[in-house]
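Novice: Input my_file-v1.csv, format and content: CSV, C-alpha atoms.
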```
chain,number,residue,atom,x,y,z
A,11,MET,CA,-57.2,-20.3,49.6
A,12,PHE,CA,-53.6,-19.2,50.4
A,13,GLY,CA,-52.3,-22.4,48.8
A,14,LYS,CA,-54.3,-21.9,45.7
A,15,LEU,CA,-53.1,-18.3,45.3
A,16,ASN,CA,-49.5,-19.4,45.8
A,17,TYR,CA,-49.9,-22.2,43.2
A,18,ARG,CA,-51.5,-19.7,40.7
A,19,ALA,CA,-48.7,-17.2,41.3
A,20,PHE,CA,-46.1,-20.0,40.7
A,21,ILE,CA,-47.8,-21.0,37.4
A,22,LEU,CA,-47.9,-17.4,36.3
A,23,ILE,CA,-44.2,-16.9,37.1
A,24,PHE,CA,-43.3,-20.2,35.4
A,25,VAL,CA,-45.1,-19.3,32.2
A,26,THR,CA,-43.6,-15.8,32.2
A,27,VAL,CA,-40.1,-17.2,32.5
A,28,MET,CA,-40.7,-19.8,29.8
A,29,LEU,CA,-42.0,-17.2,27.4
A,30,SER,CA,-39.1,-15.0,28.2
A,31,ASN,CA,-36.7,-17.9,27.5
A,32,LEU,CA,-38.4,-18.6,24.2
A,33,GLN,CA,-38.0,-14.9,23.3
A,34,ILE,CA,-34.3,-15.0,24.2
A,35,ALA,CA,-33.8,-18.3,22.3
A,36,SER,CA,-35.5,-16.9,19.1
A,37,CYS,CA,-33.9,-13.5,19.1
A,38,TYR,CA,-31.3,-12.3,16.6
A,39,GLY,CA,-28.9,-9.5,16.6
A,40,TRP,CA,-30.0,-6.2,15.0
A,41,LYS,CA,-26.7,-4.3,14.3
A,42,SER,CA,-28.6,-1.2,13.1
A,43,ASP,CA,-32.1,-0.4,11.9
A,44,SER,CA,-31.5,-2.2,8.6
A,45,GLU,CA,-28.9,-4.8,9.4
A,46,LEU,CA,-29.4,-8.2,11.1
A,47,TRP,CA,-26.8,-10.8,12.0
A,48,ASP,CA,-27.2,-14.4,13.0
A,49,LEU,CA,-24.9,-17.4,13.7
A,50,GLU,CA,-22.0,-15.0,14.3
A,51,TYR,CA,-20.6,-16.2,17.7
A,52,ASN,CA,-17.9,-18.7,18.4
A,53,ASP,CA,-19.0,-19.8,21.8
A,54,ALA,CA,-22.1,-21.3,23.5
A,55,ARG,CA,-24.2,-18.4,22.3
A,56,PHE,CA,-23.9,-19.9,18.8
A,57,ILE,CA,-25.7,-23.0,20.0
A,58,ASP,CA,-28.6,-21.0,21.2
A,59,GLU,CA,-28.8,-19.3,17.8
A,60,VAL,CA,-28.5,-22.4,15.7
A,61,ASN,CA,-31.2,-24.1,17.8
A,62,ALA,CA,-33.7,-21.5,16.6
A,63,TRP,CA,-33.3,-22.9,13.1
A,64,THR,CA,-35.5,-25.7,11.9
A,65,ALA,CA,-33.8,-28.7,10.4
A,66,LYS,CA,-35.0,-31.5,8.0
A,67,SER,CA,-33.4,-34.9,8.1
A,68,LEU,CA,-30.8,-34.5,10.8
A,69,VAL,CA,-28.2,-37.4,10.9
A,70,LYS,CA,-28.4,-37.4,14.7
A,71,ALA,CA,-31.7,-36.1,16.3
A,72,GLY,CA,-31.2,-32.7,17.9
A,73,LEU,CA,-27.6,-32.3,16.9
A,74,LYS,CA,-27.4,-29.1,14.7
A,75,HIS,CA,-23.9,-27.8,15.1
A,76,SER,CA,-20.3,-28.8,14.9
A,77,ILE,CA,-16.9,-27.1,15.4
A,78,CYS,CA,-14.4,-26.8,12.6
A,79,GLY,CA,-11.0,-25.7,13.9
A,80,ASN,CA,-12.0,-22.7,16.0
A,81,ASP,CA,-15.3,-22.0,14.2
A,82,TYR,CA,-18.8,-23.1,15.3
A,83,LEU,CA,-20.9,-24.2,12.3
A,84,MET,CA,-24.5,-24.8,11.6
A,85,GLY,CA,-24.4,-28.3,10.2
A,86,GLY,CA,-20.9,-29.4,9.3
A,87,TYR,CA,-19.2,-32.7,9.6
A,88,ASN,CA,-21.6,-35.7,9.9
A,89,ILE,CA,-24.5,-33.3,10.3
A,90,LEU,CA,-25.5,-31.6,7.1
A,91,GLY,CA,-24.8,-34.0,4.2
A,92,GLY,CA,-25.6,-37.4,2.9
A,93,THR,CA,-29.3,-36.7,2.0
A,94,LYS,CA,-30.1,-34.3,-0.8
A,95,ASP,CA,-32.7,-31.7,0.0
A,96,GLN,CA,-31.8,-31.9,3.7
A,97,TYR,CA,-31.9,-28.3,5.0
A,98,PHE,CA,-31.8,-25.7,7.8
A,99,GLU,CA,-34.3,-22.8,7.7
A,100,ARG,CA,-35.4,-19.9,9.8
A,101,THR,CA,-38.0,-17.2,9.4
A,102,PHE,CA,-37.0,-13.6,10.5
A,103,THR,CA,-39.8,-11.1,11.3
A,104,GLY,CA,-40.1,-7.4,12.0
A,105,LEU,CA,-38.1,-6.3,9.0
A,106,PRO,CA,-37.9,-2.7,8.0
A,107,PRO,CA,-39.3,-1.5,4.6
A,108,HIS,CA,-37.0,-2.6,1.7
A,109,ASN,CA,-37.0,-3.8,-1.9
A,110,GLN,CA,-33.7,-5.8,-1.8
A,111,LEU,CA,-32.1,-8.1,0.7
A,112,ASN,CA,-28.3,-8.1,0.7
A,113,LEU,CA,-27.2,-11.5,2.2
A,114,ARG,CA,-23.8,-12.6,3.3
A,115,TYR,CA,-22.7,-15.9,4.9
A,116,LEU,CA,-19.7,-18.2,5.2
A,117,VAL,CA,-20.0,-21.6,3.6
A,118,TYR,CA,-17.6,-24.5,4.6
A,119,PRO,CA,-17.2,-27.3,2.0
A,120,ILE,CA,-16.0,-30.3,4.1
A,121,ASP,CA,-14.3,-33.5,2.9
A,122,SER,CA,-14.8,-35.2,-0.5
A,123,TRP,CA,-16.9,-32.8,-2.6
A,124,ASP,CA,-16.9,-34.1,-6.2
A,125,GLY,CA,-17.7,-30.8,-7.8
A,126,THR,CA,-16.9,-31.7,-11.4
A,127,SER,CA,-18.2,-35.3,-11.6
A,128,ALA,CA,-21.1,-35.6,-9.2
A,129,ASP,CA,-22.2,-31.9,-9.2
A,130,ASP,CA,-21.9,-31.6,-5.4
A,131,HIS,CA,-23.2,-28.1,-4.4
A,132,TYR,CA,-25.6,-26.4,-2.1
A,133,GLU,CA,-28.6,-24.0,-2.6
A,134,VAL,CA,-29.8,-21.0,-0.6
A,135,TYR,CA,-33.4,-19.9,-0.6
A,136,VAL,CA,-34.9,-16.5,0.3
A,137,ASP,CA,-38.6,-17.4,0.5
A,138,ASP,CA,-39.3,-19.2,-2.8
A,139,VAL,CA,-36.3,-17.8,-4.7
A,140,PHE,CA,-33.1,-19.8,-4.8
A,141,GLN,CA,-29.5,-19.4,-5.8
A,142,ARG,CA,-27.3,-22.3,-6.7
A,143,GLY,CA,-24.1,-22.3,-4.6
A,144,TRP,CA,-20.6,-23.3,-5.6
A,145,ARG,CA,-19.3,-26.7,-6.6
A,146,PHE,CA,-16.0,-27.6,-5.1
A,147,SER,CA,-13.8,-30.7,-5.9
A,148,ALA,CA,-11.6,-32.4,-3.3
A,149,PHE,CA,-9.5,-33.7,-6.2
A,150,THR,CA,-7.9,-30.3,-7.2
A,151,GLY,CA,-4.9,-30.2,-4.9
A,152,TYR,CA,-6.2,-28.6,-1.7
A,153,THR,CA,-4.0,-29.9,1.1
A,154,VAL,CA,-5.4,-28.5,4.3
A,155,ALA,CA,-7.7,-30.8,6.2
A,156,LYS,CA,-9.3,-28.4,8.7
A,157,CYS,CA,-12.2,-30.5,9.9
A,158,GLY,CA,-14.1,-33.5,8.9
A,159,SER,CA,-12.7,-37.0,8.5
A,160,GLY,CA,-9.1,-35.7,8.1
A,161,GLY,CA,-8.6,-37.7,4.9
A,162,TRP,CA,-9.4,-34.9,2.5
A,163,GLY,CA,-7.8,-31.5,1.7
A,164,GLU,CA,-10.6,-29.1,1.8
A,165,TYR,CA,-11.4,-25.9,0.0
A,166,PRO,CA,-11.2,-22.9,2.4
A,167,ALA,CA,-14.4,-21.3,3.6
A,168,VAL,CA,-16.1,-19.0,1.1
A,169,LEU,CA,-17.8,-15.7,1.9
A,170,ALA,CA,-20.9,-15.6,-0.3
A,171,ILE,CA,-22.2,-12.2,-1.2
A,172,SER,CA,-25.6,-12.1,-2.8
A,173,THR,CA,-28.7,-10.0,-3.3
A,174,PHE,CA,-32.3,-11.0,-3.6
A,175,ILE,CA,-35.3,-9.0,-4.8
A,176,HIS,CA,-37.4,-9.0,-1.7
A,177,SER,CA,-39.9,-6.9,0.3
A,178,GLY,CA,-42.3,-7.5,3.2
A,179,PRO,CA,-42.0,-7.7,7.0
A,180,ASN,CA,-40.8,-11.4,7.1
A,181,VAL,CA,-38.3,-13.5,5.3
A,182,LYS,CA,-37.5,-17.3,5.3
A,183,ILE,CA,-33.8,-18.2,4.8
A,184,ARG,CA,-33.1,-21.8,3.8
A,185,PHE,CA,-29.8,-23.6,3.2
A,186,VAL,CA,-30.2,-26.8,1.3
A,187,ASN,CA,-27.7,-29.7,1.1
A,188,MET,CA,-27.2,-31.1,-2.5
A,189,LEU,CA,-24.5,-33.6,-1.6
A,190,ASP,CA,-25.2,-37.3,-2.5
A,191,GLN,CA,-22.7,-39.2,-0.2
A,192,ALA,CA,-22.8,-40.0,3.5
A,193,SER,CA,-22.3,-37.0,5.8
A,194,SER,CA,-19.2,-38.6,7.2
A,195,ASP,CA,-17.7,-38.4,3.6
A,196,GLU,CA,-18.9,-35.0,2.5
A,197,SER,CA,-20.7,-32.3,4.4
A,198,LEU,CA,-21.6,-28.6,4.5
A,199,GLY,CA,-21.3,-26.0,7.2
A,200,ILE,CA,-22.7,-22.4,7.5
A,201,ARG,CA,-22.0,-19.5,9.8
A,202,GLU,CA,-22.1,-15.7,10.0
A,203,VAL,CA,-25.4,-15.0,8.2
A,204,LYS,CA,-25.7,-11.3,7.8
A,205,MET,CA,-28.7,-9.5,6.2
A,206,LYS,CA,-29.0,-5.9,5.2
A,207,PHE,CA,-32.4,-4.6,4.1
A,208,VAL,CA,-32.0,-1.8,1.5
A,209,ASN,CA,-34.0,0.3,-0.9
A,210,VAL,CA,-32.3,0.6,-4.3
A,211,SER,CA,-33.4,2.0,-7.7
A,212,ASN,CA,-33.0,-1.4,-9.5
A,213,PRO,CA,-33.3,-4.4,-7.1
A,214,GLU,CA,-31.7,-7.5,-8.5
A,215,ASN,CA,-30.7,-11.1,-7.8
A,216,SER,CA,-27.0,-11.7,-7.8
A,217,LEU,CA,-24.3,-13.9,-6.3
A,218,CYS,CA,-20.5,-13.7,-6.1
A,219,GLY,CA,-18.0,-14.8,-3.5
A,220,ARG,CA,-14.5,-14.5,-2.0
A,221,SER,CA,-12.3,-17.3,-0.7
A,222,THR,CA,-11.0,-16.8,2.8
A,223,GLY,CA,-7.8,-18.7,1.9
A,224,ASN,CA,-5.1,-18.3,-0.6
A,225,VAL,CA,-7.1,-20.1,-3.3
A,226,PRO,CA,-8.9,-18.5,-6.2
A,227,LEU,CA,-12.6,-19.3,-6.6
A,228,PRO,CA,-13.4,-21.6,-9.5
A,229,ASP,CA,-16.8,-19.9,-10.2
A,230,TRP,CA,-18.4,-16.5,-9.7
A,231,PRO,CA,-15.6,-14.6,-7.9
A,232,CYS,CA,-16.4,-11.1,-6.8
A,233,LYS,CA,-14.6,-8.6,-9.0
A,234,GLU,CA,-14.0,-6.1,-6.2
A,235,CYS,CA,-13.2,-6.1,-2.5
A,236,ASP,CA,-15.3,-4.5,0.2
A,237,THR,CA,-13.0,-1.5,0.8
A,238,PRO,CA,-10.2,0.4,-0.9
A,239,HIS,CA,-8.0,-0.9,2.0
A,240,GLN,CA,-8.1,-4.4,0.4
A,241,TYR,CA,-6.6,-5.8,-2.8
A,242,MET,CA,-6.8,-8.9,-4.9
A,243,THR,CA,-3.6,-10.8,-5.8
A,244,LEU,CA,-5.2,-11.8,-9.1
A,245,PRO,CA,-7.9,-9.6,-10.8
A,246,SER,CA,-11.4,-11.0,-10.3
A,247,SER,CA,-10.0,-14.0,-8.4
A,248,GLY,CA,-12.2,-13.4,-5.4
A,249,GLN,CA,-9.2,-13.3,-3.1
A,250,CYS,CA,-9.0,-10.2,-1.0
A,251,PHE,CA,-6.2,-9.3,1.3
A,252,GLU,CA,-5.8,-6.4,3.8
A,253,CYS,CA,-3.3,-3.6,3.0
A,254,ALA,CA,-0.7,-2.6,5.6
A,255,GLU,CA,-2.2,-0.3,8.2
A,256,SER,CA,-0.1,2.6,6.9
A,257,CYS,CA,-1.6,2.3,3.4
A,258,ALA,CA,-4.8,3.9,2.2
A,259,THR,CA,-4.8,1.8,-1.0
A,260,CYS,CA,-2.4,-0.9,-2.2
A,261,ASN,CA,-1.7,-3.8,-4.4
A,262,ALA,CA,0.4,-7.0,-4.0
A,263,LYS,CA,3.6,-5.0,-4.3
A,264,GLY,CA,2.8,-2.5,-1.6
A,265,CYS,CA,1.1,0.9,-0.9
A,266,LEU,CA,-0.3,3.0,-3.7
A,267,SER,CA,-1.4,5.8,-1.4
A,268,CYS,CA,-1.1,6.5,2.2
A,269,ALA,CA,-3.2,7.0,5.3
A,270,SER,CA,-3.4,10.5,6.8
A,271,GLY,CA,-0.2,11.6,8.3
A,272,ARG,CA,2.0,9.5,6.1
A,273,TYR,CA,3.7,9.9,2.7
A,274,LEU,CA,4.5,7.5,-0.1
A,275,ASP,CA,8.1,6.4,-0.2
A,276,LYS,CA,8.3,4.0,-3.2
A,277,THR,CA,5.9,1.2,-2.0
A,278,ALA,CA,5.8,2.0,1.7
A,279,CYS,CA,4.2,4.8,3.7
A,280,SER,CA,6.4,6.7,6.2
A,281,GLN,CA,5.3,9.0,9.0
A,282,CYS,CA,5.1,12.7,8.4
A,283,THR,CA,7.1,14.9,10.9
A,284,ASN,CA,5.4,16.2,14.0
A,285,GLY,CA,2.8,18.8,13.2
A,286,CYS,CA,2.1,17.7,9.7
A,287,ALA,CA,-1.4,16.4,8.9
A,288,THR,CA,-0.4,15.5,5.4
A,289,CYS,CA,3.0,15.6,3.6
A,290,GLU,CA,4.6,14.4,0.4
A,291,LYS,CA,8.1,13.5,-0.9
A,292,ALA,CA,9.6,13.8,2.5
A,293,ALA,CA,8.5,13.7,6.2
A,294,ASN,CA,9.1,17.4,6.7
A,295,TYR,CA,7.5,18.6,3.4
A,296,CYS,CA,4.0,19.4,4.8
A,297,LEU,CA,0.9,20.0,2.7
A,298,THR,CA,-1.4,20.7,5.6
A,299,CYS,CA,-0.8,21.1,9.4
A,300,GLN,CA,-2.4,19.5,12.4
A,301,SER,CA,-5.1,21.6,14.1
A,302,GLU,CA,-3.7,24.7,15.8
A,303,TRP,CA,-0.3,24.4,14.1
A,304,PHE,CA,0.9,27.0,11.6
A,305,MET,CA,2.4,26.6,8.1
A,306,VAL,CA,5.7,28.3,7.2
A,307,SER,CA,7.0,27.4,3.7
A,308,ASN,CA,5.8,23.7,3.8
A,309,ALA,CA,6.8,23.2,7.4
A,310,CYS,CA,4.5,23.2,10.5
A,311,TYR,CA,5.2,25.0,13.7
A,312,PRO,CA,3.3,25.1,17.0
A,313,THR,CA,3.2,28.9,17.4
A,314,CYS,CA,3.0,32.1,15.4
A,315,LYS,CA,3.6,35.1,17.6
A,316,TYR,CA,4.2,38.8,17.1
A,317,PRO,CA,5.7,40.4,15.0
A,318,LEU,CA,4.6,37.6,12.7
A,319,SER,CA,0.9,37.4,11.8
A,320,VAL,CA,-1.6,34.6,11.0
A,321,THR,CA,-3.8,34.4,7.9
A,322,GLN,CA,-6.0,31.5,6.9
A,323,SER,CA,-6.6,30.0,3.4
A,324,GLY,CA,-8.2,26.7,2.5
A,325,GLY,CA,-8.4,25.6,6.1
A,326,ILE,CA,-4.7,26.2,6.7
A,327,ASN,CA,-3.3,28.7,9.2
A,328,TYR,CA,-0.3,30.4,7.6
A,329,CYS,CA,2.3,32.2,9.6
A,330,ASN,CA,3.4,35.3,7.7
A,331,THR,CA,6.1,38.0,8.0
A,332,PRO,CA,5.1,41.6,7.4
A,333,CYS,CA,8.6,42.2,6.0
A,334,PRO,CA,9.4,40.1,2.9
A,335,ASN,CA,13.2,39.9,2.4
A,336,GLN,CA,13.8,42.0,5.5
A,337,TYR,CA,13.8,41.6,9.3
A,338,ALA,CA,10.5,41.9,11.1
A,339,MET,CA,11.4,44.0,14.1
A,340,TRP,CA,10.3,43.6,17.6
A,341,ASP,CA,8.2,46.8,17.3
A,342,GLY,CA,6.4,45.8,14.1
A,343,THR,CA,8.7,47.8,11.7
A,344,CYS,CA,10.9,46.4,9.0
A,345,SER,CA,14.7,46.7,8.7
A,346,SER,CA,17.5,45.4,6.5
A,347,THR,CA,19.7,44.8,9.5
A,348,CYS,CA,19.4,43.4,13.0
A,349,SER,CA,22.1,44.9,15.2
A,350,ALA,CA,23.2,43.9,18.7
A,351,PRO,CA,22.0,43.5,21.3
A,352,LEU,CA,18.9,42.4,19.4
A,353,SER,CA,18.7,38.7,18.4
A,354,ASP,CA,18.7,37.6,14.8
A,355,THR,CA,16.3,34.7,14.4
A,356,LYS,CA,15.8,33.1,11.0
A,357,MET,CA,13.1,30.5,10.1
A,358,SER,CA,13.0,29.3,6.5
A,359,ASN,CA,12.9,32.5,4.5
A,360,TYR,CA,11.6,34.6,7.4
A,361,LYS,CA,13.9,36.9,9.4
A,362,VAL,CA,12.9,38.2,12.8
A,363,CYS,CA,14.8,40.7,15.0
A,364,THR,CA,13.8,40.6,18.7
A,365,PHE,CA,15.3,41.1,22.1
A,366,PRO,CA,17.7,38.3,23.2
A,367,CYS,CA,15.4,36.8,25.8
A,368,THR,CA,12.3,36.9,23.5
A,369,GLU,CA,10.9,33.5,22.6
A,370,ASN,CA,11.2,32.4,18.9
A,371,PRO,CA,7.8,33.3,17.5
A,372,VAL,CA,7.5,29.9,15.7
A,373,ALA,CA,9.6,27.7,17.9
A,374,ALA,CA,8.3,24.7,19.9
```
Show me the file's structure as structure tokens.

Specialist:
Amino acid sequence: MFGKLNYRAFILIFVTVMLSNLQIASCYGWKSDSELWDLEYNDARFIDEVNAWTAKSLVKAGLKHSICGNDYLMGGYNILGGTKDQYFERTFTGLPPHNQLNLRYLVYPIDSWDGTSADDHYEVYVDDVFQRGWRFSAFTGYTVAKCGSGGWGEYPAVLAISTFIHSGPNVKIRFVNMLDQASSDESLGIREVKMKFVNVSNPENSLCGRSTGNVPLPDWPCKECDTPHQYMTLPSSGQCFECAESCATCNAKGCLSCASGRYLDKTACSQCTNGCATCEKAANYCLTCQSEWFMVSNACYPTCKYPLSVTQSGGINYCNTPCPNQYAMWDGTCSSTCSAPLSDTKMSNYKVCTFPCTENPVAA
């Protein structure tokens, strides 16, 4: 009896562990309530994720991934290619309410794509709706052979940005190879599949892309970058580059506007002086001050003490004198002179008359 109980306990534990492992293997990364990522890692975790995808017509049974440079790919050299309609697919469940799926992924065209003559391309399906992907040609002067056979200059990876009209709790994503030569001669890799489930007034199907290298896209380039902190070297080229960290916006020549705490000096952004939150024209020409600092004639100071007084306007603390064009005296009165032994202190257009050992009311 004891042996039977132990055996049953062992079976129960074994089944529980196996189910747990299946759940781990099939899970995907929810980055928020509406955003799901898959195939984003560059280590062994990627292999666990890609193994959750179903494959049709693998070149080598069970082999679903490859490595291109430093990037793990689903498919890739000698894996996804050689047989048209070969594909990878996966169904994702438990989706939030939505009427549009925003889909992003990186596509790697590897080796001798004959985009113009043989119509080499790929397709992506969301359930039964498909989008035709890019055609690339290995004969148009690309010189970098990042992965594959090494005999072809390959087009850089492309970030595909698409939308699909979609609703419902489940979605099936399928990437289809439409290459017609051996996978050792031309192949396709996919990684960084990112889905966002949104509700919009007018859901639509759309596709554009951006090259990750210094090469304009031949077809369907995105006309805008993701953020104002990026720029395109050529309008509507699909090539986005990051601005310098000090810039808020920029173009190929340099900064157009600056990040907080900096001012535009021709095409560069320089740091405002200490105490300034924003400035213009010069480092010490402040427009606003940092928290708990005080404005005196477009300069910021750490204190504002008696006999000066503080007023606030538009979120700025101003340090004022009660005696315009005169000395503010130590006792709160005004005077045209500041006689010894009192100390004559001038800050900008403010004049203060205090005892010699009294701290400057606006000094650091």

Novice: Counting only C-alpha atoms, which residue out of A:Glu252, A:Val136, A:Cys78, A:Ala192 sits closest to A:Gly160?

Specialist: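 Nearest to A:Gly160: A:Cys78.
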
Novice: Which residue is closest to A:Phe174? Choose from A:Asn215, A:Thr243, A:Ser147, A:Asn224 and count only C-alpha atoms.

Specialist: A:Asn215

Novice: For a quick check of understanding, using only C-alpha atoms, which of A:Val117, A:Val320, A:Met84, A:Cys329 has the smallest distance to A:Ile57?

Specialist: A:Met84

Novice: If we count all atoms listed in the file, what is near A:Glu45 at a cut-off of 7 Å, once residues fewer than 4 positions away on the same chain are taken out, given as a list in words?

Specialist: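 So the residues in contact are Trp40, Lys41, Met205, Lys206 and Phe207 of chain A.
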
Novice: When you draw a straight line from atom CA of A:Gly91 to atom CA of A:Tyr132, how long is it in Å?

Specialist: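 These atoms are spaced 9.9 Å apart.
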
Novice: In Å, rounded to a single decimal, give me how far atom CA of A:Pro226 is from atom CA of A:Ile183.

Specialist: 27.2 Å

Novice: May I ask for the distance between atom CA of A:Gly125 and atom CA of A:Ser67, given in Å to one decimal place?

Specialist: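 Rounded to one decimal, the two atoms are 22.7 Å apart.
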
Novice: I'd like the contact shell of A:Thr64 - 10 Å cut-off, all atoms listed in the file, skipping same-chain residues fewer than 4 positions apart - returned as a list in words.

Specialist: Val60, Lys74, Tyr97, Phe98, Glu99, Arg100, Thr101 and Arg184 of chain A

Novice: Of the residues A:Val362, A:Cys344, A:Val69, A:Val186, which is the one nearest to A:Cys314, using all atoms listed in the file?

Specialist: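 Ranked by minimum distance to A:Cys314, first place goes to A:Val362.
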
Novice: So, with all atoms listed in the file as the atoms that count, which of A:Asn335, A:Asn112, A:Thr313, A:Asn308 lies closest to A:Ala287?

Specialist: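 Of all the options, A:Asn308 lies closest to A:Ala287.
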
Novice: Extract, using only C-alpha atoms, all DNA, RNA and protein residues at most 7 Å from A:Tyr135, discarding same-chain residues fewer than 3 positions from it, and format them as an NGL selection string.

Specialist: :A and (138-141 or 183-185)

Novice: Quick one: residues within 10 Å of A:Arg201, all atoms listed in the file, excluding same-chain residues fewer than 4 positions away - as a list in words?

Specialist: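 Returned residues: Asp48, Leu49, Glu50, Tyr51, Asn52, Phe56, Val60, Asp81, Tyr82, Leu83, Met84, Gly85, Gly86, Arg114, Tyr115, Leu116, Val117, Tyr118, Ala167 and Leu169 of chain A.
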
Novice: Pull the neighbourhood of (11.8, 11.3, 1.9) for me: all residues within 9 Å in file coordinates, counting only C-alpha atoms, as a list in words.

Specialist: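 Within the cut-off we find Tyr273, Leu274, Asp275, Ser280, Glu290, Lys291, Ala292, Ala293, Asn294 and Tyr295 of chain A.
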
Novice: Between A:Ala62, A:Val225, A:Leu111, A:Cys250, which has the minimum distance to A:Gly178 (counting only C-alpha atoms)?

Specialist: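 Among the listed residues, A:Leu111 lies closest to A:Gly178.
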
Novice: With a distance cut-off of 12 Å and all atoms listed in the file, select the neighbouring residues of A:Ala155, excluding the residue or stretch itself and same-chain residues fewer than 4 positions from it, and output the selection as a list in words.

Specialist: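 Listed by chain and then number, they are Cys78, Gly79, Tyr118, Pro119, Ile120, Asp121, Ser122, Ala148, Gly151, Ser159, Gly160, Gly161, Trp162, Gly163, Glu164, Tyr165, Pro166 and Ala167 of chain A.
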